[in-house]
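So this one's work-v2.pdb, PDB, C-alpha atoms:
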MODEL        1
ATOM      1  CA  MET A   1      29.639  84.714 124.721
ATOM      2  CA  GLU A   2      28.859  88.377 124.230
ATOM      3  CA  GLY A   3      31.792  90.832 124.021
ATOM      4  CA  ARG A   4      31.375  92.442 127.412
ATOM      5  CA  SER A   5      30.869  89.213 129.343
ATOM      6  CA  LEU A   6      33.776  87.625 127.488
ATOM      7  CA  GLU A   7      35.936  90.546 128.615
ATOM      8  CA  ARG A   8      34.751  90.082 132.200
ATOM      9  CA  GLU A   9      35.727  86.452 132.027
ATOM     10  CA  ARG A  10      39.053  87.134 130.333
ATOM     11  CA  TYR A  11      40.202  89.730 132.855
ATOM     12  CA  LYS A  12      38.530  88.147 135.892
ATOM     13  CA  ARG A  13      41.780  88.020 137.897
ATOM     14  CA  HIS A  14      42.307  91.721 137.245
ATOM     15  CA  LEU A  15      38.730  92.630 138.060
ATOM     16  CA  ILE A  16      38.963  91.098 141.512
ATOM     17  CA  LEU A  17      42.197  92.952 142.261
ATOM     18  CA  PRO A  18      41.296  96.052 144.285
ATOM     19  CA  ASP A  19      43.953  98.097 142.453
ATOM     20  CA  VAL A  20      42.518  97.232 139.059
ATOM     21  CA  GLY A  21      38.811  96.410 139.061
ATOM     22  CA  GLU A  22      36.503  97.470 136.237
ATOM     23  CA  GLU A  23      37.697 101.042 136.293
ATOM     24  CA  GLY A  24      41.340 100.017 136.101
ATOM     25  CA  GLN A  25      40.697  97.519 133.334
ATOM     26  CA  GLU A  26      39.054 100.311 131.359
ATOM     27  CA  LYS A  27      42.172 102.439 131.925
ATOM     28  CA  LEU A  28      44.318  99.623 130.554
ATOM     29  CA  LYS A  29      41.994  99.276 127.561
ATOM     30  CA  ASN A  30      42.360 102.987 126.860
ATOM     31  CA  GLY A  31      46.128 102.879 127.481
ATOM     32  CA  ARG A  32      48.547 103.537 124.626
ATOM     33  CA  VAL A  33      52.065 102.187 125.099
ATOM     34  CA  LEU A  34      55.012 102.350 122.736
ATOM     35  CA  VAL A  35      57.643  99.638 123.079
ATOM     36  CA  VAL A  36      60.949 100.609 121.484
ATOM     37  CA  GLY A  37      62.927  97.459 120.740
ATOM     38  CA  ALA A  38      61.248  94.103 120.216
ATOM     39  CA  GLY A  39      64.131  91.955 121.391
ATOM     40  CA  GLY A  40      64.970  90.354 124.727
ATOM     41  CA  LEU A  41      63.300  93.021 126.850
ATOM     42  CA  GLY A  42      60.597  93.957 124.362
ATOM     43  CA  SER A  43      59.385  90.351 124.209
ATOM     44  CA  PRO A  44      58.074  90.009 127.782
ATOM     45  CA  VAL A  45      57.000  93.657 127.843
ATOM     46  CA  CYS A  46      54.808  93.217 124.750
ATOM     47  CA  LEU A  47      53.442  89.849 125.832
ATOM     48  CA  TYR A  48      52.416  90.977 129.308
ATOM     49  CA  LEU A  49      50.931  94.262 128.122
ATOM     50  CA  ALA A  50      48.918  92.447 125.468
ATOM     51  CA  ALA A  51      47.759  89.797 127.917
ATOM     52  CA  ALA A  52      46.774  92.492 130.399
ATOM     53  CA  GLY A  53      44.553  94.145 127.821
ATOM     54  CA  VAL A  54      46.477  97.358 127.125
ATOM     55  CA  GLY A  55      44.377  98.627 124.227
ATOM     56  CA  THR A  56      47.001 100.144 121.945
ATOM     57  CA  ILE A  57      50.544  98.840 121.663
ATOM     58  CA  GLY A  58      53.114 100.339 119.296
ATOM     59  CA  ILE A  59      56.212  98.332 118.424
ATOM     60  CA  ALA A  60      59.264 100.075 116.993
ATOM     61  CA  ASP A  61      62.113  97.928 115.670
ATOM     62  CA  PHE A  62      63.949  97.947 112.351
ATOM     63  CA  ASP A  63      65.603  94.557 112.796
ATOM     64  CA  ARG A  64      64.763  91.072 111.539
ATOM     65  CA  VAL A  65      64.485  87.885 113.610
ATOM     66  CA  ASP A  66      67.728  85.909 113.700
ATOM     67  CA  ILE A  67      67.966  82.331 114.909
ATOM     68  CA  SER A  68      70.344  83.475 117.683
ATOM     69  CA  ASN A  69      67.500  85.643 119.062
ATOM     70  CA  LEU A  70      65.318  82.639 119.940
ATOM     71  CA  GLN A  71      67.391  81.817 123.058
ATOM     72  CA  ARG A  72      65.755  84.763 124.873
ATOM     73  CA  GLN A  73      63.352  86.677 122.603
ATOM     74  CA  VAL A  74      60.255  84.724 123.537
ATOM     75  CA  LEU A  75      57.962  86.618 121.173
ATOM     76  CA  TYR A  76      59.321  84.630 118.253
ATOM     77  CA  CYS A  77      59.206  81.074 116.962
ATOM     78  CA  GLU A  78      61.418  79.263 114.468
ATOM     79  CA  LYS A  79      59.004  80.145 111.665
ATOM     80  CA  ASP A  80      59.660  83.842 112.316
ATOM     81  CA  VAL A  81      63.385  83.703 111.507
ATOM     82  CA  GLY A  82      64.087  86.221 108.747
ATOM     83  CA  LYS A  83      60.837  88.174 109.309
ATOM     84  CA  ARG A  84      60.762  91.793 110.397
ATOM     85  CA  LYS A  85      60.559  91.844 114.196
ATOM     86  CA  ALA A  86      57.899  94.530 114.432
ATOM     87  CA  GLU A  87      55.603  92.603 112.083
ATOM     88  CA  ALA A  88      56.259  89.181 113.628
ATOM     89  CA  ALA A  89      55.710  90.633 117.110
ATOM     90  CA  ALA A  90      52.466  92.311 116.065
ATOM     91  CA  GLU A  91      51.210  89.069 114.563
ATOM     92  CA  ARG A  92      51.943  87.216 117.809
ATOM     93  CA  LEU A  93      50.184  89.843 119.919
ATOM     94  CA  ARG A  94      47.115  89.843 117.673
ATOM     95  CA  GLN A  95      46.936  86.058 117.965
ATOM     96  CA  MET A  96      47.181  86.392 121.713
ATOM     97  CA  ASN A  97      44.622  89.148 122.083
ATOM     98  CA  SER A  98      42.530  89.997 119.039
ATOM     99  CA  THR A  99      40.871  92.961 120.738
ATOM    100  CA  LEU A 100      44.037  95.064 120.713
ATOM    101  CA  LYS A 101      45.226  97.690 118.301
ATOM    102  CA  VAL A 102      48.855  96.922 117.439
ATOM    103  CA  LEU A 103      50.845  99.448 115.423
ATOM    104  CA  THR A 104      54.282  98.832 113.969
ATOM    105  CA  TYR A 105      57.195 101.137 113.167
ATOM    106  CA  GLY A 106      59.513  99.080 110.996
ATOM    107  CA  ASP A 107      62.068 101.852 110.617
ATOM    108  CA  GLY A 108      62.611 101.998 114.388
ATOM    109  CA  VAL A 109      62.924 105.408 116.037
ATOM    110  CA  THR A 110      65.178 108.117 114.628
ATOM    111  CA  LYS A 111      65.926 111.746 115.388
ATOM    112  CA  GLU A 112      63.571 112.627 112.547
ATOM    113  CA  ASN A 113      60.530 110.523 113.487
ATOM    114  CA  ILE A 114      60.761 110.272 117.293
ATOM    115  CA  SER A 115      58.556 113.224 118.259
ATOM    116  CA  GLN A 116      55.832 112.293 115.830
ATOM    117  CA  ILE A 117      55.812 108.654 116.969
ATOM    118  CA  ILE A 118      55.767 109.181 120.726
ATOM    119  CA  GLU A 119      53.205 111.962 120.577
ATOM    120  CA  GLY A 120      50.348 109.460 120.377
ATOM    121  CA  TYR A 121      51.386 107.371 123.382
ATOM    122  CA  ASP A 122      50.867 107.615 127.143
ATOM    123  CA  VAL A 123      53.910 105.602 128.202
ATOM    124  CA  ILE A 124      57.151 104.808 126.364
ATOM    125  CA  VAL A 125      59.125 101.646 127.117
ATOM    126  CA  ASP A 126      62.847 101.709 126.428
ATOM    127  CA  ALA A 127      63.617  98.113 125.528
ATOM    128  CA  SER A 128      66.310  99.091 123.042
ATOM    129  CA  ASP A 129      69.809  97.674 122.897
ATOM    130  CA  ASN A 130      72.002 100.730 122.378
ATOM    131  CA  PHE A 131      72.753 104.041 124.059
ATOM    132  CA  ARG A 132      72.150 106.120 120.926
ATOM    133  CA  THR A 133      68.478 105.109 120.990
ATOM    134  CA  ARG A 134      68.301 105.367 124.778
ATOM    135  CA  TYR A 135      69.472 109.007 124.840
ATOM    136  CA  LEU A 136      67.236 109.829 121.881
ATOM    137  CA  LEU A 137      64.248 108.395 123.732
ATOM    138  CA  SER A 138      65.070 109.914 127.100
ATOM    139  CA  ASP A 139      65.545 113.398 125.604
ATOM    140  CA  ALA A 140      62.328 113.165 123.577
ATOM    141  CA  CYS A 141      60.338 111.875 126.561
ATOM    142  CA  VAL A 142      61.558 114.714 128.810
ATOM    143  CA  ARG A 143      60.773 117.271 126.110
ATOM    144  CA  MET A 144      57.290 115.878 125.538
ATOM    145  CA  GLY A 145      56.481 114.995 129.136
ATOM    146  CA  LYS A 146      56.157 111.239 128.597
ATOM    147  CA  PRO A 147      57.229 108.640 131.151
ATOM    148  CA  ASP A 148      60.137 106.506 129.895
ATOM    149  CA  VAL A 149      60.282 103.036 131.450
ATOM    150  CA  TYR A 150      63.966 102.177 131.152
ATOM    151  CA  GLY A 151      65.272  98.626 131.262
ATOM    152  CA  ALA A 152      68.714  97.340 130.347
ATOM    153  CA  ILE A 153      70.611  94.077 130.627
ATOM    154  CA  CYS A 154      74.047  92.491 130.290
ATOM    155  CA  GLU A 155      75.076  88.899 131.046
ATOM    156  CA  PHE A 156      73.314  87.995 134.359
ATOM    157  CA  SER A 157      72.476  91.597 135.322
ATOM    158  CA  GLY A 158      69.795  94.110 134.626
ATOM    159  CA  GLN A 159      68.440  97.435 135.791
ATOM    160  CA  VAL A 160      65.109  99.227 135.653
ATOM    161  CA  THR A 161      63.922 102.727 136.400
ATOM    162  CA  VAL A 162      61.241 105.169 135.283
ATOM    163  CA  PHE A 163      62.350 108.523 133.935
ATOM    164  CA  THR A 164      59.802 111.326 133.991
ATOM    165  CA  LYS A 165      59.754 114.989 133.171
ATOM    166  CA  ASP A 166      59.738 115.895 136.849
ATOM    167  CA  GLY A 167      62.186 113.259 137.982
ATOM    168  CA  PRO A 168      65.627 112.376 136.736
ATOM    169  CA  CYS A 169      66.291 111.457 133.115
ATOM    170  CA  LEU A 170      69.101 109.438 131.585
ATOM    171  CA  ARG A 171      71.272 112.539 131.185
ATOM    172  CA  CYS A 172      70.908 113.319 134.909
ATOM    173  CA  LEU A 173      72.652 110.007 135.603
ATOM    174  CA  SER A 174      75.239 110.138 132.863
ATOM    175  CA  PRO A 175      75.349 113.339 130.820
ATOM    176  CA  ASP A 176      76.845 112.150 127.556
ATOM    177  CA  GLU A 177      76.127 109.261 125.293
ATOM    178  CA  PRO A 178      79.202 107.097 124.784
ATOM    179  CA  GLU A 179      81.187 107.549 121.594
ATOM    180  CA  THR A 180      81.064 103.802 121.056
ATOM    181  CA  GLU A 181      78.466 101.368 122.311
ATOM    182  CA  VAL A 182      79.325  99.598 125.568
ATOM    183  CA  PRO A 183      79.791  96.857 124.689
ATOM    184  CA  GLU A 184      78.581  96.549 121.130
ATOM    185  CA  ALA A 185      74.926  95.478 121.131
ATOM    186  CA  SER A 186      75.427  91.900 120.005
ATOM    187  CA  GLY A 187      78.848  91.467 121.558
ATOM    188  CA  PHE A 188      78.047  90.226 125.054
ATOM    189  CA  GLY A 189      76.509  87.134 126.535
ATOM    190  CA  VAL A 190      73.023  87.141 128.050
ATOM    191  CA  LEU A 191      71.420  84.571 130.307
ATOM    192  CA  GLY A 192      68.078  84.120 128.558
ATOM    193  CA  ALA A 193      66.088  84.644 131.743
ATOM    194  CA  ILE A 194      67.486  88.111 132.594
ATOM    195  CA  PRO A 195      65.555  90.020 129.902
ATOM    196  CA  GLY A 196      62.536  88.025 131.115
ATOM    197  CA  VAL A 197      62.932  89.307 134.671
ATOM    198  CA  ILE A 198      63.723  92.897 133.694
ATOM    199  CA  GLY A 199      61.077  93.026 130.955
ATOM    200  CA  CYS A 200      58.404  91.766 133.362
ATOM    201  CA  ILE A 201      59.359  94.487 135.857
ATOM    202  CA  GLN A 202      59.118  97.065 133.059
ATOM    203  CA  ALA A 203      55.674  95.706 132.117
ATOM    204  CA  ALA A 204      54.566  95.943 135.755
ATOM    205  CA  GLU A 205      55.764  99.574 135.934
ATOM    206  CA  VAL A 206      53.805 100.403 132.773
ATOM    207  CA  LEU A 207      50.636  98.820 134.146
ATOM    208  CA  LYS A 208      51.029 100.717 137.439
ATOM    209  CA  LEU A 209      51.522 103.992 135.570
ATOM    210  CA  LEU A 210      48.390 103.389 133.492
ATOM    211  CA  LEU A 211      46.412 102.384 136.569
ATOM    212  CA  GLY A 212      47.826 105.182 138.690
ATOM    213  CA  THR A 213      48.560 102.783 141.515
ATOM    214  CA  GLY A 214      51.504 101.694 143.647
ATOM    215  CA  ASP A 215      54.968 103.161 144.074
ATOM    216  CA  SER A 216      56.717 103.498 140.764
ATOM    217  CA  LEU A 217      60.461 103.367 140.163
ATOM    218  CA  VAL A 218      60.563 107.125 139.526
ATOM    219  CA  GLY A 219      63.647 108.384 141.371
ATOM    220  CA  ARG A 220      64.916 104.861 142.045
ATOM    221  CA  MET A 221      66.997 102.482 139.978
ATOM    222  CA  LEU A 222      66.550  98.799 140.650
ATOM    223  CA  PHE A 223      69.571  96.559 140.086
ATOM    224  CA  VAL A 224      69.067  92.834 139.576
ATOM    225  CA  ASP A 225      71.837  90.254 139.537
ATOM    226  CA  LEU A 226      70.694  86.721 138.823
ATOM    227  CA  LYS A 227      74.140  85.244 139.450
ATOM    228  CA  SER A 228      74.130  86.216 143.117
ATOM    229  CA  MET A 229      70.294  86.385 142.991
ATOM    230  CA  SER A 230      70.240  89.807 144.549
ATOM    231  CA  PHE A 231      68.090  92.876 144.130
ATOM    232  CA  ASP A 232      69.439  96.283 145.115
ATOM    233  CA  GLU A 233      68.173  99.790 144.566
ATOM    234  CA  MET A 234      69.626 103.254 144.454
ATOM    235  CA  GLU A 235      67.855 106.553 144.827
ATOM    236  CA  ILE A 236      68.424 108.880 141.900
ATOM    237  CA  GLY A 237      67.431 112.511 141.655
ATOM    238  CA  ALA A 238      67.155 115.083 138.895
ATOM    239  CA  ASN A 239      70.522 116.775 138.411
ATOM    240  CA  PRO A 240      70.519 120.592 138.323
ATOM    241  CA  ARG A 241      73.456 120.490 135.886
ATOM    242  CA  CYS A 242      71.558 118.262 133.437
ATOM    243  CA  THR A 243      70.898 119.785 130.011
ATOM    244  CA  CYS A 244      67.264 118.847 130.598
ATOM    245  CA  ALA A 245      67.180 120.779 133.907
ATOM    246  CA  SER A 246      64.754 123.384 132.573
ATOM    247  CA  PHE A 247      62.329 120.593 131.689
ATOM    248  CA  HIS A 248      62.803 119.068 135.143
ATOM    249  CA  ARG A 249      61.717 122.468 136.538
ATOM    250  CA  LEU A 250      65.033 122.768 138.358
ATOM    251  CA  ILE A 251      65.920 126.126 136.816
TER     252      ILE A 251
ATOM    253  CA  MET B   1      84.766 104.250 153.847
ATOM    254  CA  LYS B   2      82.226 102.005 152.163
ATOM    255  CA  LEU B   3      82.131 100.931 148.535
ATOM    256  CA  ASN B   4      78.813  99.423 147.412
ATOM    257  CA  ASN B   5      77.770  98.703 151.001
ATOM    258  CA  ARG B   6      81.020  96.911 151.877
ATOM    259  CA  PRO B   7      83.962  98.285 153.877
ATOM    260  CA  TYR B   8      86.706  99.645 151.615
ATOM    261  CA  ALA B   9      90.042  98.752 153.188
ATOM    262  CA  ASP B  10      92.328 100.868 151.013
ATOM    263  CA  TRP B  11      91.144 104.362 151.886
ATOM    264  CA  HIS B  12      93.937 106.938 152.288
ATOM    265  CA  GLU B  13      94.215 110.720 152.509
ATOM    266  CA  GLY B  14      93.568 112.350 149.151
ATOM    267  CA  LEU B  15      91.832 109.300 147.656
ATOM    268  CA  THR B  16      89.617 110.321 144.716
ATOM    269  CA  ILE B  17      86.783 108.486 142.989
ATOM    270  CA  ARG B  18      89.110 107.896 140.050
ATOM    271  CA  GLY B  19      91.606 106.368 142.477
ATOM    272  CA  VAL B  20      89.024 103.859 143.698
ATOM    273  CA  MET B  21      88.011 103.040 140.121
ATOM    274  CA  GLU B  22      91.597 102.376 139.119
ATOM    275  CA  HIS B  23      92.353 100.384 142.260
ATOM    276  CA  MET B  24      89.199  98.277 141.912
ATOM    277  CA  ASN B  25      89.580  97.995 138.147
ATOM    278  CA  PHE B  26      86.268  99.561 137.130
ATOM    279  CA  THR B  27      86.762  99.700 133.363
ATOM    280  CA  TRP B  28      83.118  99.871 132.227
ATOM    281  CA  PRO B  29      82.738 103.109 130.235
ATOM    282  CA  LYS B  30      79.314 104.084 131.626
ATOM    283  CA  LEU B  31      79.099 104.249 135.398
ATOM    284  CA  VAL B  32      76.625 105.699 137.850
ATOM    285  CA  VAL B  33      78.497 107.083 140.850
ATOM    286  CA  LYS B  34      77.113 108.406 144.116
ATOM    287  CA  VAL B  35      78.889 109.713 147.191
ATOM    288  CA  ASN B  36      76.715 109.941 150.299
ATOM    289  CA  GLY B  37      73.646 109.845 148.103
ATOM    290  CA  GLN B  38      74.755 112.551 145.689
ATOM    291  CA  LEU B  39      75.254 111.778 141.995
ATOM    292  CA  ILE B  40      78.742 112.549 140.703
ATOM    293  CA  TRP B  41      79.344 113.137 137.010
ATOM    294  CA  PRO B  42      82.411 111.769 135.156
ATOM    295  CA  GLU B  43      84.079 115.195 134.897
ATOM    296  CA  ASP B  44      84.334 115.199 138.704
ATOM    297  CA  TYR B  45      85.776 111.710 139.248
ATOM    298  CA  ASP B  46      89.275 113.190 139.549
ATOM    299  CA  LYS B  47      88.194 116.114 141.719
ATOM    300  CA  VAL B  48      86.088 114.531 144.440
ATOM    301  CA  VAL B  49      88.287 113.582 147.407
ATOM    302  CA  LEU B  50      86.771 110.886 149.605
ATOM    303  CA  ASN B  51      86.545 111.092 153.373
ATOM    304  CA  GLU B  52      87.101 108.147 155.673
ATOM    305  CA  ASP B  53      83.394 107.859 156.477
ATOM    306  CA  ASP B  54      82.061 108.355 152.938
ATOM    307  CA  ASP B  55      79.571 105.997 151.365
ATOM    308  CA  LEU B  56      80.594 105.449 147.727
ATOM    309  CA  LYS B  57      78.422 103.601 145.256
ATOM    310  CA  ILE B  58      79.587 102.692 141.770
ATOM    311  CA  HIS B  59      77.226 100.885 139.418
ATOM    312  CA  HIS B  60      77.537  99.935 135.762
ATOM    313  CA  LEU B  61      75.000 101.681 133.543
ATOM    314  CA  LEU B  62      73.824  98.993 131.144
ATOM    315  CA  GLY B  63      72.568  99.541 127.624
ATOM    316  CA  GLY B  64      71.786  96.068 126.291
ATOM    317  CA  GLY B  65      68.303  94.852 125.575
TER     318      GLY B  65
ENDMDL
END

Structure translated into structure tokens:
Amino acid sequence: MEGRSLERERYKRHLILPDVGEEGQEKLKNGRVLVVGAGGLGSPVCLYLAAAGVGTIGIADFDRVDISNLQRQVLYCEKDVGKRKAEAAAERLRQMNSTLKVLTYGDGVTKENISQIIEGYDVIVDASDNFRTRYLLSDACVRMGKPDVYGAICEFSGQVTVFTKDGPCLRCLSPDEPETEVPEASGFGVLGAIPGVIGCIQAAEVLKLLLGTGDSLVGRMLFVDLKSMSFDEMEIGANPRCTCASFHRLI
Amino acid sequence: MKLNNRPYADWHEGLTIRGVMEHMNFTWPKLVVKVNGQLIWPEDYDKVVLNEDDDLKIHHLLGGG
């Protein structure tokens, strides 16, 4: 089958969606998304973006696959244990969709490289597992005007929002990063399905941002609790006292 | 007063956000707090005095991934 008609067949269920269609699928193909953290959240995010045909996916993670990751990090198989996550994830995505450009950042994101890395992307996904990275990302995204699709989990719970330059950022909600991680990244239990739920919502928010359709989670934080099976949301606004207030055009 | 959409039975004159946190044993170090829709930062948890008809929301801010 010729390339174009194969694409039409592959994305048929997108093409018949009024909010996607050929034009939208082209937007996804031209979309460039950076996923920071290729763990529990990063797994479904990467898989659904790749399946949807997002043309360029960057994966930033410095870690290696551990056998204890396999309980929830569905990007990886037993054969990946010991491999670098960014590389193993990229390999999986290329197997899934050979038409994509997948870039890896095996050093993760740091204060030194963050601006240079995110510059080339349209949307940034925070799928990291620590507040140091989360504040680093949020600050950089505000400074550079990139949407930051934030997802976080613990035990049976998770939360998702979208931070933008014009809306609230992480510092608007909570001005300072904690002195110690809360709790330490690997020190709490996680029901394997919660990063699946939250990561899929993050992927959906990314696709909507690229398509320019629907109501995004900008200005709203969605709370999910799988134990009580409840979804709740809270409106959040940019805080005039935030150190990023000048970027939020509040001052 | 309401806490997370449920009636809060232990309201009293002079009750602060910190007072609710201590009474309800909120020990998580990163919280998102709103009173009547307005975000309150940690430095104000001791200062904000709650009224009998206030709507207080306290959520954990998670960081795991």

Taking a cut-off of 10 Å and counting only C-alpha atoms, can you build a table that, for each residue of chain B near chain A, reports the nearest atom pair and how far apart they are in Å (one decimal), sorted by chain then residue number, as a Markdown table?
| residue | atom | partner | partner_atom | distance |
| --- | --- | --- | --- | --- |
| B:Trp28 | CA | A:Val182 | CA | 7.7 |
| B:Pro29 | CA | A:Val182 | CA | 6.8 |
| B:Lys30 | CA | A:Ser174 | CA | 7.4 |
| B:Leu31 | CA | A:Ser174 | CA | 7.5 |
| B:Val32 | CA | A:Leu173 | CA | 6.3 |
| B:Val33 | CA | A:Leu173 | CA | 8.4 |
| B:Lys34 | CA | A:Ile236 | CA | 9.0 |
| B:Gly37 | CA | A:Glu235 | CA | 7.4 |
| B:Gln38 | CA | A:Ile236 | CA | 8.2 |
| B:Leu39 | CA | A:Leu173 | CA | 7.1 |
| B:Ile40 | CA | A:Leu173 | CA | 8.3 |
| B:Trp41 | CA | A:Ser174 | CA | 6.6 |
| B:Pro42 | CA | A:Ser174 | CA | 7.7 |
| B:Glu43 | CA | A:Pro175 | CA | 9.8 |
| B:Lys57 | CA | A:Met234 | CA | 8.8 |
| B:His59 | CA | A:Phe223 | CA | 8.8 |
| B:His60 | CA | A:Gln159 | CA | 9.4 |
| B:Leu61 | CA | A:Gln159 | CA | 8.1 |
| B:Leu62 | CA | A:Ala152 | CA | 5.4 |
| B:Gly63 | CA | A:Ala152 | CA | 5.2 |
| B:Gly64 | CA | A:Asp129 | CA | 4.2 |
| B:Gly65 | CA | A:Asp129 | CA | 4.2 |

### Message
On this structure, the PyMOL selection byres ((chain B and resi 47) around 9) would catch which residues? List them as a PyMOL selection string, sorted by chain and number.
### Response
chain B and resi 16-18+43-46+48-49

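We find CA of Asp225 in chain A and CA of Thr161 in chain A to be spaced 15.1 Å apart.
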
### Task
Determine the nearest neighbour of Val45 in chain A from the options A:Asp107, A:Glu7, A:Glu205, A:Asp232, counting all atoms listed in the file.
A:Glu205

### Message
Could you list, as a PyMOL selection string, every residue within 12 Å of Asp53 in chain B, counting all atoms listed in the file and ignoring same-chain residues fewer than 4 positions away?
### Response
chain B and resi 1-3+7-9+11-13+35-36+49

Using the chain letters and numbers from the file, give me the residues hit by the PyMOL selection byres ((chain A and resi 24) around 10), as a PDB file with C-alpha atoms, keeping the file's coordinate frame.
ATOM      1  CA  HIS A  14      42.307  91.721 137.245  1.00  0.00           C
ATOM      2  CA  LEU A  15      38.730  92.630 138.060  1.00  0.00           C
ATOM      3  CA  LEU A  17      42.197  92.952 142.261  1.00  0.00           C
ATOM      4  CA  PRO A  18      41.296  96.052 144.285  1.00  0.00           C
ATOM      5  CA  ASP A  19      43.953  98.097 142.453  1.00  0.00           C
ATOM      6  CA  VAL A  20      42.518  97.232 139.059  1.00  0.00           C
ATOM      7  CA  GLY A  21      38.811  96.410 139.061  1.00  0.00           C
ATOM      8  CA  GLU A  22      36.503  97.470 136.237  1.00  0.00           C
ATOM      9  CA  GLU A  23      37.697 101.042 136.293  1.00  0.00           C
ATOM     10  CA  GLN A  25      40.697  97.519 133.334  1.00  0.00           C
ATOM     11  CA  GLU A  26      39.054 100.311 131.359  1.00  0.00           C
ATOM     12  CA  LYS A  27      42.172 102.439 131.925  1.00  0.00           C
ATOM     13  CA  LEU A  28      44.318  99.623 130.554  1.00  0.00           C
ATOM     14  CA  LYS A  29      41.994  99.276 127.561  1.00  0.00           C
ATOM     15  CA  ASN A  30      42.360 102.987 126.860  1.00  0.00           C
ATOM     16  CA  LEU A 207      50.636  98.820 134.146  1.00  0.00           C
ATOM     17  CA  LYS A 208      51.029 100.717 137.439  1.00  0.00           C
ATOM     18  CA  LEU A 210      48.390 103.389 133.492  1.00  0.00           C
ATOM     19  CA  LEU A 211      46.412 102.384 136.569  1.00  0.00           C
ATOM     20  CA  GLY A 212      47.826 105.182 138.690  1.00  0.00           C
ATOM     21  CA  THR A 213      48.560 102.783 141.515  1.00  0.00           C
TER      22      THR A 213
END

#### Entry: Shell around range 80-84 of chain A at 10 Å using only C-alpha atoms, local window under 3 positions removed, as a ChimeraX atom specification
/A:61-70,75-77,87-89,106

### Message
Please list as a list in words every residue within 7 Å of Asp148 in chain A, counting only C-alpha atoms and excluding residues in the same chain fewer than 5 positions away.
### Response
Val123, Ile124, Val125, Asp126, Ser138, Cys141, Val162, Phe163 and Thr164 of chain A

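When CA of Tyr105 in chain A is paired with CA of Ala60 in chain A, their separation reads 4.5 Å.
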
### Message
Running the PyMOL selection byres ((chain A and resi 57) around 8) on this model by hand, what would come out? Give it as a count of residues only.
### Response
16

#### Entry: Long-range neighbours of Arg10 in chain A as a ChimeraX atom specification, 12 Å cut-off, only C-alpha atoms, 4 positions minimum in chain
/A:1-6,14-16,25,51-53,96-97,99

Shell around Lys165 in chain A at 8 Å using only C-alpha atoms, local window under 2 positions removed, as a compact mmCIF listing (two decimals) with C-alpha atoms, keeping the file's coordinate frame:
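The new file part_11.txt reads:
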# COMPACT_ATOMS: atom_id res chain seq x y z
CA CYS A 141 60.34 111.88 126.56
CA VAL A 142 61.56 114.71 128.81
CA ARG A 143 60.77 117.27 126.11
CA GLY A 145 56.48 115.00 129.14
CA LYS A 146 56.16 111.24 128.60
CA PRO A 147 57.23 108.64 131.15
CA PHE A 163 62.35 108.52 133.94
CA GLY A 167 62.19 113.26 137.98
CA PRO A 168 65.63 112.38 136.74
CA CYS A 169 66.29 111.46 133.12
CA PHE A 247 62.33 120.59 131.69
CA HIS A 248 62.80 119.07 135.14

Which centre and which edge lengths, in Å to one decimal, describe the axis-aligned box that holds all listed atoms of range 142-160 of chain A after 8 Å is added on each side, as AutoDock Vina command-line options?
--center_x 65.6 --center_y 102.6 --center_z 130.7 --size_x 34.9 --size_y 45.3 --size_z 26.3

### Message
To one decimal place in Å, what is the distance between CA of Leu191 in chain A and CA of Val74 in chain A?
### Response
13.1 Å

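Among the candidate residues A:Ser115, A:Ser43, A:Ser98, A:Thr104, the one lying nearest to Asp139 in chain A is A:Ser115, with distances computed using all atoms listed in the file.
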